[in-house]
Amino acid sequence: MHANLICVKSGSLYGDDYVKNLYDGVKRNTGIDFRFHVFTDDPSIGKHDSSWVIHRLPDWQLPQNKAWFYKIAVFDPSNGLDGRNLYIDLDCIILDDVSGFWEHGQSAFNILQDFNRVYSPDFPGINSSIMCWTDDSMRYIYDQFLLDIPNNIRRYRGDQDFIQAVSRGHSIFPTAWARSYRWEIWRGGIKDHKPDHYAIPGDEIVIPQDCRIAVFHGRPKPHEIQHAPLRALWG
């Protein structure tokens with residue numbers, strides 16, 4: 001089965017370095033031979049590597065603060081993606097072998113548990129920073145979104161809320177594999193499920209055992225951090 005790595009770059013929030021760092025990070029941390037697919041409104045990103053497959057994002061006229069809804073475009077069956085598809089947000093740092101993300105639950109749609117789990121361990125929400133599916137099995141999400149784009153972006157806070165609402169079933173990746181930088185790595189992570197109650201005072205980081213990807217939802221972003229070893233893995 002083919003393996004695809006997928007990302008979305010829309011607008012100017014993330015520079016070309018984010019795309020290259022994701023590609024290089026995964027390349028260093030898997031033995032799987034994958035094709036890299038970039039969904040973007042700036043096709044010139046392809047100048048960095050002729051092996052990248054560039055897909056033009058649809059012209060949905062989304063404002064920058066709603067740009068995450070462009071992720072829905074990766075489920076468009078006309079993209080021609082076949083095999084096992086692994087989507088990763090650009091604001092992630094690859095720490096260790098990511099092969100398991102492609103291999104986990106191969107017949108299912110796999111996604112992260114939302115990081116609000118630090119406050120409520122059984123939190124039922126999902127987080128779309130990392131997703132994996134096979135062929136065009138998730139086309140129904142794309143079709144459903146297109147039925148009423150303006151209403152969908154008004155009704156749902158983000159793409160992951162829409163995905164959860166219309167999903168016909170999903171499996172959750174193991175918690176240890178992907179961690180929130182803000183809530184589970186920085187200062188040893190939040191403990192006792194209390195807001196801003198961290199395990200370690202100061203400005204240290206602790207990468208939990210078996211963490212393969214650090215997810216930078218919110219701020220800071222990867223280019224803003226100074227902590228080793230994460231800084232050494234960025235750029």
# chains A, B, ... in the order shown; residues from 1 in each chain; ligands from 1
call {"tool": "residues_around", "arguments": {"residues": "region 158-168 of chain A", "least_positions_apart": "5", "cutoff": "12 Å", "atoms": "only C-alpha atoms", "output": "VMD selection string"}}
result
chain A and resid 65 to 75 108 to 114 124 to 131 137 to 146 148 to 149 151 to 153
call {"tool": "residues_around", "arguments": {"residues": "Ser10 (chain A)", "least_positions_apart": "3", "cutoff": "9 Å", "atoms": "only C-alpha atoms", "output": "list of chain:residue names"}}
result
A:Leu13, A:Tyr14, A:Phe39, A:Thr40, A:Asp41, A:Asp42, A:Leu57, A:Gln64, A:Ala67, A:Trp68, A:Tyr70
call {"tool": "write_last_selection", "arguments": {"atoms": "C-alpha atoms", "output": "short mmCIF file (atom, residue, chain, number, x, y, z; two decimals), in the first residue's frame"}}
result
data_model
loop_
_atom_site.label_atom_id
_atom_site.label_comp_id
_atom_site.auth_asym_id
_atom_site.auth_seq_id
_atom_site.Cartn_x
_atom_site.Cartn_y
_atom_site.Cartn_z
CA LEU A 13 0.88 32.35 8.77
CA TYR A 14 3.52 29.69 8.07
CA PHE A 39 -2.07 21.58 -0.39
CA THR A 40 -1.50 25.30 -0.85
CA ASP A 41 -2.58 28.59 -2.38
CA ASP A 42 1.07 29.22 -3.33
CA LEU A 57 -6.37 24.73 -2.54
CA GLN A 64 -7.04 33.73 7.88
CA ALA A 67 -8.09 28.98 7.36
CA TRP A 68 -8.00 25.67 9.27
CA TYR A 70 -8.98 24.30 4.26
#
call {"tool": "select_by_dssp", "arguments": {"residues": "chain A", "states": "alpha helix (DSSP H)", "output": "PyMOL selection string"}}
result
chain A and resi 16-28+99-103+139-146+149-155+159-166
call {"tool": "closest_atom_pairs", "arguments": {"of": "region 15-118 of chain A", "to": "region 195-202 of chain A", "cutoff": "12 Å", "atoms": "only C-alpha atoms", "output": "JSON lines"}}
result
{"residue": "A:Asn116", "atom": "CA", "partner": "A:Pro195", "partner_atom": "CA", "distance": 10.4}
{"residue": "A:Arg117", "atom": "CA", "partner": "A:Pro195", "partner_atom": "CA", "distance": 11.9}
{"residue": "A:Val118", "atom": "CA", "partner": "A:Pro195", "partner_atom": "CA", "distance": 9.0}
call {"tool": "write_last_selection", "arguments": {"atoms": "N, CA, C and O atoms", "output": "JSON list (two decimals), in the first residue's frame"}}
result
[["chain", "number", "residue", "atom", "x", "y", "z"],
["A", 116, "ASN", "N", -7.45, 18.92, 25.51],
["A", 116, "ASN", "CA", -8.18, 19.21, 26.74],
["A", 116, "ASN", "C", -8.19, 18.02, 27.69],
["A", 116, "ASN", "O", -8.65, 18.13, 28.83],
["A", 117, "ARG", "N", -7.64, 16.89, 27.21],
["A", 117, "ARG", "CA", -7.50, 15.71, 28.07],
["A", 117, "ARG", "C", -6.66, 16.01, 29.31],
["A", 117, "ARG", "O", -6.76, 15.30, 30.31],
["A", 118, "VAL", "N", -5.81, 17.04, 29.26],
["A", 118, "VAL", "CA", -5.01, 17.36, 30.45],
["A", 118, "VAL", "C", -5.89, 17.84, 31.59],
["A", 118, "VAL", "O", -5.50, 17.74, 32.76]]
call {"tool": "residues_around", "arguments": {"residues": "Ser107 (chain A)", "least_positions_apart": "4", "cutoff": "10 Å", "atoms": "only C-alpha atoms", "output": "PyMOL selection string"}}
result
chain A and resi 84+103+132-134+137+171
call {"tool": "write_last_selection", "arguments": {"atoms": "N, CA, C and O atoms", "output": "PDB file, in the first residue's frame"}}
result
ATOM      1  N   ARG A  84      -2.311   4.774   2.079  1.00  0.00           N
ATOM      2  CA  ARG A  84      -2.480   5.233   3.460  1.00  0.00           C
ATOM      3  C   ARG A  84      -2.044   6.693   3.538  1.00  0.00           C
ATOM      4  O   ARG A  84      -0.900   7.048   3.211  1.00  0.00           O
ATOM      5  N   GLU A 103       0.676   3.009  10.271  1.00  0.00           N
ATOM      6  CA  GLU A 103       0.363   1.594  10.451  1.00  0.00           C
ATOM      7  C   GLU A 103      -0.765   1.332  11.441  1.00  0.00           C
ATOM      8  O   GLU A 103      -1.366   0.260  11.437  1.00  0.00           O
ATOM      9  N   CYS A 132      -5.120  10.085   9.934  1.00  0.00           N
ATOM     10  CA  CYS A 132      -4.708   9.071   8.978  1.00  0.00           C
ATOM     11  C   CYS A 132      -5.931   8.290   8.493  1.00  0.00           C
ATOM     12  O   CYS A 132      -6.798   7.932   9.298  1.00  0.00           O
ATOM     13  N   TRP A 133      -5.986   8.023   7.194  1.00  0.00           N
ATOM     14  CA  TRP A 133      -7.094   7.292   6.594  1.00  0.00           C
ATOM     15  C   TRP A 133      -6.598   6.609   5.316  1.00  0.00           C
ATOM     16  O   TRP A 133      -5.468   6.829   4.877  1.00  0.00           O
ATOM     17  N   THR A 134      -7.435   5.800   4.717  1.00  0.00           N
ATOM     18  CA  THR A 134      -7.050   5.031   3.545  1.00  0.00           C
ATOM     19  C   THR A 134      -7.822   5.487   2.308  1.00  0.00           C
ATOM     20  O   THR A 134      -9.046   5.681   2.361  1.00  0.00           O
ATOM     21  N   SER A 137     -11.588   7.203   1.578  1.00  0.00           N
ATOM     22  CA  SER A 137     -12.638   6.739   2.493  1.00  0.00           C
ATOM     23  C   SER A 137     -13.301   7.864   3.269  1.00  0.00           C
ATOM     24  O   SER A 137     -14.383   7.666   3.829  1.00  0.00           O
ATOM     25  N   SER A 171     -10.927   6.172  15.278  1.00  0.00           N
ATOM     26  CA  SER A 171     -10.101   5.599  16.338  1.00  0.00           C
ATOM     27  C   SER A 171      -9.108   6.658  16.784  1.00  0.00           C
ATOM     28  O   SER A 171      -8.697   7.512  15.990  1.00  0.00           O
TER      29      SER A 171
END
call {"tool": "residues_around", "arguments": {"residues": "Asp97 (chain A)", "least_positions_apart": "3", "cutoff": "9 Å", "atoms": "only C-alpha atoms", "output": "MDAnalysis selection string"}}
result
chainID A and resid 26 28:31 94 100 212:213
call {"tool": "atom_distance", "arguments": {"atom1": "CA of Ser99 (chain A)", "atom2": "CA of Ala3 (chain A)"}}
result
10.1 Å
call {"tool": "atom_distance", "arguments": {"atom1": "CA of Ala176 (chain A)", "atom2": "CA of Ala214 (chain A)"}}
result
10.5 Å
call {"tool": "select_by_dssp", "arguments": {"residues": "region 17-97 of chain A", "states": "strand (DSSP E)", "output": "ChimeraX atom specification"}}
result
/A:34-40,53-56,84-88,92-94
call {"tool": "write_last_selection", "arguments": {"atoms": "C-alpha atoms", "output": "CSV table (one decimal), in the first residue's frame"}}
result
chain,number,residue,atom,x,y,z
A,34,PHE,CA,6.3,8.1,1.2
A,35,ARG,CA,5.1,10.8,-1.3
A,36,PHE,CA,4.8,14.3,0.1
A,37,HIS,CA,1.6,16.2,-0.9
A,38,VAL,CA,1.3,19.9,-0.2
A,39,PHE,CA,-2.1,21.6,-0.4
A,40,THR,CA,-1.5,25.3,-0.8
A,53,VAL,CA,3.2,16.8,-5.2
A,54,ILE,CA,1.5,20.2,-5.2
A,55,HIS,CA,-2.3,20.6,-4.9
A,56,ARG,CA,-4.0,23.9,-5.4
A,84,ARG,CA,-2.5,5.2,3.5
A,85,ASN,CA,-2.7,9.0,4.0
A,86,LEU,CA,-1.1,10.7,7.0
A,87,TYR,CA,-1.9,14.4,7.5
A,88,ILE,CA,0.2,16.4,9.9
A,92,CYS,CA,4.5,20.2,14.7
A,93,ILE,CA,8.0,19.1,15.5
A,94,ILE,CA,8.9,15.5,14.7
call {"tool": "closest_residue", "arguments": {"among": "A:Trp186, A:Tyr23, A:Phe173, A:Pro58", "to": "Ser78 (chain A)", "atoms": "only C-alpha atoms"}}
result
A:Pro58
call {"tool": "atom_distance", "arguments": {"atom1": "CA of Asp33 (chain A)", "atom2": "CA of His217 (chain A)"}}
result
27.9 Å
